[in-house]
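File shown: structure-v4.tsv (TSV, C-alpha atoms).
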```tsv
chain	number	residue	atom	x	y	z
X	1	MET	CA	4.75	3.45	26.06
X	2	THR	CA	3.91	1.81	22.75
X	3	PHE	CA	2.19	3.25	19.70
X	4	PRO	CA	-0.29	1.26	17.57
X	5	SER	CA	0.60	0.44	14.01
X	6	ASN	CA	-0.62	2.83	11.36
X	7	ILE	CA	-3.06	1.62	8.74
X	8	TRP	CA	-1.77	1.98	5.20
X	9	LEU	CA	-3.75	3.65	2.45
X	10	PRO	CA	-2.91	3.62	-1.26
X	11	SER	CA	-1.95	7.30	-0.87
X	12	GLY	CA	-0.81	7.53	2.75
X	13	ILE	CA	-1.42	6.28	6.30
X	14	VAL	CA	-4.04	6.52	9.03
X	15	ASP	CA	-3.53	7.13	12.74
X	16	PRO	CA	-6.28	4.82	14.11
X	17	ILE	CA	-6.22	6.39	17.57
X	18	GLU	CA	-6.70	10.02	16.54
X	19	GLU	CA	-8.70	8.93	13.45
X	20	ILE	CA	-6.72	11.15	11.11
X	21	ALA	CA	-5.52	10.26	7.60
X	22	TYR	CA	-2.22	11.60	6.28
X	23	VAL	CA	-2.47	11.49	2.48
X	24	VAL	CA	-0.31	12.66	-0.40
X	25	ALA	CA	-2.41	15.01	-2.51
X	26	LYS	CA	-2.04	18.24	-4.47
X	27	GLN	CA	1.55	19.07	-5.51
X	28	GLY	CA	2.70	15.97	-3.60
X	29	ARG	CA	2.06	17.60	-0.22
X	30	ILE	CA	0.83	15.69	2.83
X	31	PHE	CA	-2.68	16.62	4.00
X	32	CYS	CA	-4.15	15.66	7.39
X	33	LEU	CA	-7.82	14.73	7.02
X	34	ALA	CA	-10.38	14.05	9.71
X	35	LEU	CA	-11.63	10.53	8.98
X	36	ASP	CA	-15.28	11.27	9.60
X	37	THR	CA	-15.57	14.40	7.42
X	38	ALA	CA	-12.36	14.76	5.33
X	39	GLU	CA	-11.89	18.21	6.87
X	40	ILE	CA	-8.32	19.42	6.23
X	41	LEU	CA	-6.66	19.78	9.63
X	42	ALA	CA	-3.12	20.60	8.46
X	43	SER	CA	-0.71	20.18	5.54
X	44	THR	CA	2.97	20.32	4.65
X	45	ASP	CA	4.53	22.95	2.40
X	46	VAL	CA	6.73	20.55	0.41
X	47	ALA	CA	6.24	17.32	-1.51
X	48	SER	CA	6.84	14.30	0.72
X	49	ILE	CA	5.57	10.83	1.64
X	50	PRO	CA	4.36	9.83	5.15
X	51	LEU	CA	6.05	6.88	6.83
X	52	THR	CA	4.56	6.76	10.32
X	53	VAL	CA	2.74	9.00	12.78
X	54	ALA	CA	1.88	8.96	16.48
X	55	GLN	CA	0.10	11.62	18.53
X	56	GLY	CA	0.52	14.23	15.80
X	57	PHE	CA	4.25	13.55	15.39
X	58	LEU	CA	4.91	12.62	11.75
X	59	ILE	CA	7.92	10.97	10.11
X	60	GLY	CA	8.10	11.22	6.33
X	61	TRP	CA	10.59	11.12	3.49
X	62	SER	CA	11.31	12.53	0.06
X	63	HIS	CA	13.80	12.17	-2.77
X	64	ALA	CA	16.71	14.56	-2.60
X	65	PRO	CA	16.51	16.86	-5.65
X	66	GLN	CA	19.04	16.04	-8.38
X	67	ARG	CA	20.54	13.15	-6.35
X	68	SER	CA	19.30	9.75	-7.44
X	69	ASN	CA	20.58	7.81	-4.43
X	70	GLU	CA	19.88	10.23	-1.59
X	71	ILE	CA	16.72	10.48	0.47
X	72	ARG	CA	15.67	12.89	3.18
X	73	ILE	CA	13.95	11.86	6.39
X	74	PHE	CA	12.00	14.58	8.16
X	75	ALA	CA	9.94	15.04	11.29
X	76	ALA	CA	6.97	17.37	11.67
X	77	SER	CA	4.45	18.10	14.41
X	78	ARG	CA	0.81	18.93	13.81
X	79	ARG	CA	0.10	22.35	15.32
X	80	GLU	CA	-3.11	24.20	14.64
X	81	ASN	CA	-3.47	24.17	10.83
X	82	VAL	CA	0.07	23.26	9.82
X	83	LEU	CA	2.50	20.38	9.97
X	84	ALA	CA	5.40	22.32	11.43
X	85	PRO	CA	8.85	20.99	10.38
X	86	GLN	CA	10.99	19.86	13.30
X	87	TRP	CA	14.11	18.47	11.61
X	88	GLU	CA	15.38	16.99	8.36
X	89	LYS	CA	18.17	14.47	7.77
X	90	ALA	CA	19.81	13.35	4.51
X	91	LEU	CA	20.62	9.67	4.03
X	92	GLN	CA	23.17	8.75	1.37
X	93	LEU	CA	22.46	5.34	-0.15
X	94	PRO	CA	24.88	3.16	-2.12
X	95	GLU	CA	25.19	4.08	-5.79
X	96	TRP	CA	23.59	0.81	-6.92
X	97	VAL	CA	20.29	1.58	-5.15
X	98	ASP	CA	17.64	2.47	-7.72
X	99	LEU	CA	14.79	4.46	-6.15
X	100	THR	CA	12.89	4.55	-9.46
X	101	SER	CA	12.88	0.80	-10.16
X	102	ALA	CA	9.54	-0.87	-10.83
X	103	GLU	CA	10.71	-4.05	-9.08
X	104	PRO	CA	8.58	-4.43	-5.91
X	105	ASP	CA	11.48	-5.40	-3.63
X	106	SER	CA	14.15	-3.06	-5.03
X	107	PHE	CA	13.82	-0.57	-2.15
X	108	LYS	CA	11.81	-0.54	1.05
X	109	LEU	CA	11.77	2.13	3.74
X	110	GLU	CA	10.12	1.90	7.16
X	111	ALA	CA	10.09	3.98	10.30
X	112	GLU	CA	8.96	3.45	13.88
X	113	ILE	CA	8.36	6.11	16.50
X	114	ARG	CA	9.63	5.16	19.93
X	115	PRO	CA	9.46	7.18	23.15
X	116	ARG	CA	13.06	8.41	22.90
X	117	CYS	CA	14.15	7.76	19.32
X	118	ILE	CA	13.08	7.13	15.75
X	119	THR	CA	14.04	3.83	14.11
X	120	VAL	CA	14.49	4.03	10.34
X	121	THR	CA	15.03	0.82	8.39
X	122	TRP	CA	15.92	0.66	4.72
X	123	GLU	CA	16.42	-2.42	2.61
X	124	ALA	CA	17.51	-2.58	-1.02
X	125	HIS	CA	18.15	-5.30	-3.60
X	126	ALA	CA	19.64	-5.23	-7.08
X	127	ARG	CA	20.03	-7.88	-9.77
X	128	TYR	CA	21.32	-8.04	-13.32
X	129	HIS	CA	18.54	-7.04	-15.75
X	130	GLY	CA	20.39	-6.98	-19.04
X	131	GLY	CA	19.46	-8.76	-22.24
X	132	ALA	CA	21.99	-11.49	-22.97
X	133	PRO	CA	22.78	-14.00	-20.21
X	134	PRO	CA	25.80	-12.66	-18.28
X	135	SER	CA	28.82	-14.53	-17.04
X	136	PRO	CA	28.60	-15.76	-13.44
X	137	GLU	CA	31.19	-13.16	-12.42
X	138	PHE	CA	29.23	-10.32	-14.02
X	139	GLU	CA	25.95	-11.54	-12.52
X	140	ASN	CA	27.47	-11.75	-9.04
X	141	ALA	CA	28.94	-8.25	-9.41
X	142	ALA	CA	25.46	-6.88	-10.15
X	143	ARG	CA	23.88	-8.63	-7.15
X	144	HIS	CA	23.42	-6.49	-4.04
X	145	ASP	CA	21.42	-7.02	-0.84
X	146	GLU	CA	21.61	-4.65	2.13
X	147	ARG	CA	19.51	-3.84	5.17
X	148	HIS	CA	20.35	-0.99	7.56
X	149	ILE	CA	18.72	0.08	10.82
X	150	LEU	CA	19.33	3.62	12.08
X	151	GLU	CA	18.34	5.12	15.39
X	152	LEU	CA	17.73	8.86	15.22
X	153	ASN	CA	17.33	11.31	18.06
X	154	ARG	CA	13.68	12.25	18.27
X	155	GLU	CA	14.42	15.91	19.01
X	156	ASP	CA	16.92	16.77	16.24
X	157	GLY	CA	17.32	13.71	13.99
X	158	ALA	CA	20.97	13.11	14.94
X	159	THR	CA	22.18	9.53	14.41
X	160	ILE	CA	22.60	7.72	17.73
X	161	GLY	CA	22.90	4.18	16.36
X	162	HIS	CA	23.54	2.38	13.07
X	163	GLU	CA	23.55	-1.34	12.35
X	164	ARG	CA	23.87	-3.26	9.11
X	165	ILE	CA	22.24	-6.68	9.17
X	166	GLU	CA	21.65	-9.39	6.61
X	167	PRO	CA	18.27	-9.12	4.87
X	168	GLU	CA	15.87	-11.91	5.72
X	169	PRO	CA	15.60	-14.45	2.88
X	170	SER	CA	12.40	-14.17	0.92
X	171	GLN	CA	9.98	-16.98	1.65
X	172	ALA	CA	8.29	-18.84	-1.14
X	173	PRO	CA	4.53	-18.33	-1.02
X	174	THR	CA	2.42	-21.17	0.33
X	175	LEU	CA	0.10	-22.35	-2.42
X	176	PRO	CA	-2.46	-25.13	-2.46
X	177	LYS	CA	-1.60	-28.34	-4.26
X	178	LEU	CA	-3.29	-27.57	-7.53
X	179	ARG	CA	-4.88	-30.14	-9.72
X	180	PRO	CA	-4.31	-29.69	-13.47
X	181	GLU	CA	-7.74	-28.12	-13.91
X	182	THR	CA	-7.24	-25.61	-11.05
X	183	GLN	CA	-5.93	-22.07	-11.54
X	184	ILE	CA	-4.80	-19.26	-9.24
X	185	VAL	CA	-7.12	-16.24	-9.45
X	186	PRO	CA	-5.31	-12.88	-9.76
X	187	TYR	CA	-6.36	-10.13	-7.39
X	188	ARG	CA	-5.67	-6.46	-6.95
X	189	ARG	CA	-3.90	-5.18	-3.87
X	190	GLY	CA	-3.15	-1.48	-3.78
X	191	THR	CA	-2.45	-0.44	-7.36
X	192	ALA	CA	-0.88	-3.75	-8.48
X	193	PHE	CA	-2.15	-7.21	-9.37
X	194	ALA	CA	-0.81	-10.34	-7.70
X	195	THR	CA	-1.33	-14.10	-7.78
X	196	GLN	CA	0.63	-15.37	-4.77
X	197	SER	CA	-0.83	-16.28	-1.42
X	198	TRP	CA	-1.00	-13.70	1.36
X	199	ARG	CA	-0.96	-13.76	5.14
X	200	ALA	CA	-3.82	-12.61	7.37
X	201	ALA	CA	-3.69	-13.19	11.15
X	202	THR	CA	-2.89	-16.91	11.52
X	203	VAL	CA	-3.80	-18.11	8.02
X	204	ASN	CA	-2.28	-18.26	4.57
X	205	ALA	CA	-4.85	-17.44	1.91
X	206	CYS	CA	-5.15	-17.81	-1.83
X	207	LEU	CA	-7.90	-17.43	-4.46
X	208	ILE	CA	-8.47	-20.30	-6.87
X	209	LYS	CA	-10.92	-21.49	-9.52
X	210	ARG	CA	-11.46	-24.68	-11.51
X	211	ALA	CA	-12.10	-25.12	-15.21
X	212	ASP	CA	-15.42	-26.88	-14.65
X	213	ASP	CA	-16.49	-24.35	-11.99
X	214	PRO	CA	-15.25	-20.83	-12.83
X	215	GLY	CA	-16.44	-19.17	-9.62
X	216	ILE	CA	-13.92	-17.77	-7.09
X	217	VAL	CA	-12.96	-20.00	-4.16
X	218	LEU	CA	-11.00	-18.90	-1.08
X	219	TRP	CA	-8.34	-21.39	0.00
X	220	ILE	CA	-7.07	-20.89	3.55
X	221	GLN	CA	-4.63	-22.83	5.67
X	222	GLU	CA	-4.16	-22.39	9.39
X	223	LYS	CA	-0.56	-22.25	10.58
X	224	GLY	CA	0.50	-25.87	10.98
X	225	GLY	CA	-3.06	-27.05	10.38
X	226	ALA	CA	-5.41	-28.31	7.72
X	227	ASP	CA	-6.59	-26.31	4.75
X	228	SER	CA	-10.16	-25.53	3.73
X	229	GLU	CA	-12.03	-23.97	0.81
X	230	ILE	CA	-14.92	-21.47	0.89
X	231	ARG	CA	-16.86	-20.38	-2.18
X	232	LEU	CA	-16.99	-16.59	-2.57
X	233	SER	CA	-18.65	-16.15	-5.96
X	234	ASP	CA	-20.32	-18.15	-8.73
X	235	ASN	CA	-19.90	-15.36	-11.27
X	236	PRO	CA	-17.17	-16.12	-13.86
X	237	LYS	CA	-16.67	-12.36	-14.40
X	238	ALA	CA	-16.14	-11.55	-10.73
X	239	ALA	CA	-12.97	-9.66	-9.77
X	240	ALA	CA	-11.19	-9.64	-6.41
X	241	THR	CA	-9.53	-6.84	-4.46
X	242	ILE	CA	-7.67	-7.45	-1.19
X	243	THR	CA	-7.34	-4.76	1.46
X	244	LEU	CA	-3.77	-3.61	2.04
X	245	ASP	CA	-3.66	-5.41	5.40
X	246	GLY	CA	-4.95	-8.61	3.77
X	247	LYS	CA	-7.80	-9.08	6.25
X	248	LEU	CA	-10.75	-8.48	3.91
X	249	ILE	CA	-11.62	-9.60	0.39
X	250	PHE	CA	-13.83	-7.43	-1.82
X	251	ILE	CA	-15.47	-9.35	-4.67
X	252	GLN	CA	-16.88	-7.15	-7.43
X	253	GLU	CA	-19.59	-8.79	-9.51
X	254	PRO	CA	-21.15	-7.24	-12.63
X	255	ARG	CA	-24.79	-6.86	-11.63
X	256	ALA	CA	-27.58	-4.34	-11.97
X	257	THR	CA	-28.11	-3.79	-8.25
X	258	ASP	CA	-26.32	-1.28	-6.04
X	259	THR	CA	-24.59	-3.99	-3.99
X	260	ALA	CA	-21.95	-5.08	-6.49
X	261	TRP	CA	-19.21	-5.35	-3.82
X	262	GLN	CA	-19.39	-8.40	-1.58
X	263	VAL	CA	-17.03	-8.20	1.41
X	264	PHE	CA	-15.59	-11.35	3.02
X	265	SER	CA	-13.32	-12.09	5.97
X	266	THR	CA	-10.04	-13.67	4.86
X	267	THR	CA	-9.67	-15.77	8.01
X	268	THR	CA	-13.19	-17.29	7.98
X	269	GLY	CA	-14.62	-16.69	4.50
X	270	GLU	CA	-17.73	-15.19	6.13
X	271	ARG	CA	-19.53	-12.49	4.14
X	272	ILE	CA	-19.73	-9.40	6.32
X	273	ALA	CA	-21.09	-6.67	4.03
X	274	SER	CA	-22.48	-5.71	0.62
X	275	LEU	CA	-21.54	-2.31	-0.80
X	276	PRO	CA	-21.93	-0.22	-3.93
X	277	PHE	CA	-18.96	-0.42	-6.30
X	278	ASP	CA	-17.26	2.64	-7.82
X	279	PRO	CA	-15.66	2.03	-11.25
X	280	GLY	CA	-11.99	3.00	-11.29
X	281	THR	CA	-11.25	1.79	-7.75
X	282	ALA	CA	-7.53	1.08	-7.32
X	283	GLY	CA	-6.89	0.23	-3.66
X	284	LEU	CA	-8.75	-0.45	-0.42
X	285	SER	CA	-8.22	-0.09	3.31
X	286	VAL	CA	-10.65	-0.51	6.20
X	287	VAL	CA	-10.41	1.57	9.38
X	288	LYS	CA	-12.92	0.43	11.98
X	289	ASP	CA	-16.25	0.73	10.10
X	290	LEU	CA	-14.93	2.94	7.30
X	291	VAL	CA	-13.88	1.77	3.85
X	292	LEU	CA	-11.26	4.08	2.29
X	293	TYR	CA	-10.43	3.62	-1.37
X	294	GLU	CA	-8.96	5.50	-4.31
X	295	VAL	CA	-10.85	6.07	-7.54
X	296	ARG	CA	-9.40	7.30	-10.81
X	297	VAL	CA	-11.77	8.71	-13.42
X	298	ASP	CA	-10.79	10.07	-16.85
X	299	ALA	CA	-13.51	12.26	-18.34
X	300	ALA	CA	-13.99	15.59	-20.12
X	301	GLY	CA	-10.27	15.97	-20.74
X	302	LEU	CA	-9.37	15.59	-17.06
X	303	SER	CA	-7.80	12.75	-15.09
X	304	ARG	CA	-9.00	12.93	-11.50
X	305	ARG	CA	-7.88	10.79	-8.57
X	306	THR	CA	-9.99	10.89	-5.40
X	307	LEU	CA	-9.96	9.28	-1.98
X	308	ARG	CA	-13.46	8.15	-1.04
X	309	CYS	CA	-15.02	6.89	2.15
X	310	ARG	CA	-18.02	4.63	2.76
X	311	ASN	CA	-19.59	3.11	5.84
X	312	LEU	CA	-18.74	-0.60	5.82
X	313	ARG	CA	-22.01	-1.63	7.47
X	314	ASN	CA	-24.59	0.24	5.41
X	315	GLY	CA	-22.63	1.27	2.30
X	316	LYS	CA	-23.42	4.97	2.70
X	317	ALA	CA	-21.03	7.32	0.89
X	318	LEU	CA	-19.58	9.70	3.49
X	319	TRP	CA	-17.11	11.91	1.62
X	320	SER	CA	-14.77	12.31	-1.33
X	321	PHE	CA	-11.44	14.18	-1.37
X	322	VAL	CA	-9.60	15.14	-4.56
X	323	LEU	CA	-6.01	13.91	-4.45
X	324	ALA	CA	-4.89	15.03	-7.90
X	325	GLU	CA	-6.39	16.48	-11.04
X	326	GLU	CA	-4.63	17.16	-14.32
X	327	ALA	CA	-5.42	17.64	-17.96
X	328	MET	CA	-5.24	14.45	-20.01
X	329	ARG	CA	-2.59	14.35	-22.66
X	330	THR	CA	-4.03	14.05	-26.14
X	331	PRO	CA	-2.08	12.63	-29.09
X	332	PRO	CA	-0.99	15.12	-31.75
X	333	PRO	CA	-3.17	15.32	-34.86
X	334	PRO	CA	-2.12	13.08	-37.76
X	335	PRO	CA	0.03	14.74	-40.41
X	336	ARG	CA	-1.78	15.94	-43.47
```

Is it possible to express this structure as structure tokens?
Amino acid sequence: MTFPSNIWLPSGIVDPIEEIAYVVAKQGRIFCLALDTAEILASTDVASIPLTVAQGFLIGWSHAPQRSNEIRIFAASRRENVLAPQWEKALQLPEWVDLTSAEPDSFKLEAEIRPRCITVTWEAHARYHGGAPPSPEFENAARHDERHILELNREDGATIGHERIEPEPSQAPTLPKLRPETQIVPYRRGTAFATQSWRAATVNACLIKRADDPGIVLWIQEKGGADSEIRLSDNPKAAATITLDGKLIFIQEPRATDTAWQVFSTTTGERIASLPFDPGTAGLSVVKDLVLYEVRVDAAGLSRRTLRCRNLRNGKALWSFVLAEEAMRTPPPPPR
């Protein structure tokens, strides 16, 4: 038996078979939402982050309170209207692991549900980030790279296997040979901006533009094959967002019509849809014919973050679910 990969959202994951989203919302709890209606099917009682799910069996994690280098892996089963806890396991990480670092590759945690066990993989990296250039000895002492794979019993979380392996070396991104007048176009993916190429199916992709032609061009290269270029937009003010799986490109163009989002296939450059654009959109994922995206709006003294859903084919808004809402902090009045 094999389980399909989950689809990642900016705030959680989706089980594509059961068509249920597991999102982190109010008070950091995980909520199970029906994809077609956003009906709440179940929720956890504690703050946590989903890692993977299959057939209602969820693996998640959380920071251990007051312990900077300890995490807790837990399992829960969806029963009626609750995510019932099944077990919890603490994992002690090396002291040099920084779970709060803003570096994108400082810590990565993954889990896979197998028929008889749970595989948990964590990988961490650390480098010297001081001010003055360090001595080679000091720089080497601050360098750490570890990758561990644990096998946990599915029923109680007990460790049944542990292996430390060397992390795979990071691969330099494949970029087109740029002429002096050509630039890489930044794009948003999730909540961050990036400029490197990305992988989708069998192609490497990148967004470029030229000084004499400021529109956005998609550069793609088949594995071991020739490269090609496809024009996506002529608008110099267009902005690009890539779905978290890298398969679709959303180009947002400032225009007066309701179809300000143009959706393209990364592998072919074909335009497949035109959708309304919501200001404040931070991340995108597509599940079958549904577009799921987060929107943050600051208004009337409140900062509200919502997960919204549209039909990819006709652009119809289907639902909106509030993930978080809090009062905006206002600066103190100036001294008199």

Distance criterion (only C-alpha atoms): nearest to Asn140 in chain X out of X:His63, X:Arg127, X:Arg29, X:Arg308: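 Nearest candidate to Asn140 in chain X out of X:His63, X:Arg127, X:Arg29, X:Arg308: X:Arg127.
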
Counting only C-alpha atoms, the option among X:Ala142, X:Ala273, X:Ile71, X:Leu51 closest to Asn314 in chain X: X:Ala273

Separation of CA of Gly190 in chain X from CA of Val53 in chain X in Å: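 So the answer is 20.5 Å.
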
Test item: which residues lie within 12 Å of (-19.4, -15.2, -1.6) counting only C-alpha atoms, as a PyMOL selection string: chain X and resi 215-218+229-235+238-240+249-253+260-266+268-274

Selection export as a tab-separated table (two decimals), in the coordinates of the input, atoms kept: C-alpha atoms:
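This went into again-v4.tsv:
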```
chain	number	residue	atom	x	y	z
X	215	GLY	CA	-16.44	-19.17	-9.62
X	216	ILE	CA	-13.92	-17.77	-7.09
X	217	VAL	CA	-12.96	-20.00	-4.16
X	218	LEU	CA	-11.00	-18.90	-1.08
X	229	GLU	CA	-12.03	-23.97	0.81
X	230	ILE	CA	-14.92	-21.47	0.89
X	231	ARG	CA	-16.86	-20.38	-2.18
X	232	LEU	CA	-16.99	-16.59	-2.57
X	233	SER	CA	-18.65	-16.15	-5.96
X	234	ASP	CA	-20.32	-18.15	-8.73
X	235	ASN	CA	-19.90	-15.36	-11.27
X	238	ALA	CA	-16.14	-11.55	-10.73
X	239	ALA	CA	-12.97	-9.66	-9.77
X	240	ALA	CA	-11.19	-9.64	-6.41
X	249	ILE	CA	-11.62	-9.60	0.39
X	250	PHE	CA	-13.83	-7.43	-1.82
X	251	ILE	CA	-15.47	-9.35	-4.67
X	252	GLN	CA	-16.88	-7.15	-7.43
X	253	GLU	CA	-19.59	-8.79	-9.51
X	260	ALA	CA	-21.95	-5.08	-6.49
X	261	TRP	CA	-19.21	-5.35	-3.82
X	262	GLN	CA	-19.39	-8.40	-1.58
X	263	VAL	CA	-17.03	-8.20	1.41
X	264	PHE	CA	-15.59	-11.35	3.02
X	265	SER	CA	-13.32	-12.09	5.97
X	266	THR	CA	-10.04	-13.67	4.86
X	268	THR	CA	-13.19	-17.29	7.98
X	269	GLY	CA	-14.62	-16.69	4.50
X	270	GLU	CA	-17.73	-15.19	6.13
X	271	ARG	CA	-19.53	-12.49	4.14
X	272	ILE	CA	-19.73	-9.40	6.32
X	273	ALA	CA	-21.09	-6.67	4.03
X	274	SER	CA	-22.48	-5.71	0.62
```

9 Å contact set for Phe74 in chain X, all atoms listed in the file, chain neighbours under 4 positions out, as a PyMOL selection string: chain X and resi 58-62+85-90+157

From X:Ala54, X:Phe31, X:Asp45, X:Ile73, residue lying nearest Leu152 in chain X [all atoms listed in the file]: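 The answer is X:Ile73, which sits nearest to Leu152 in chain X.
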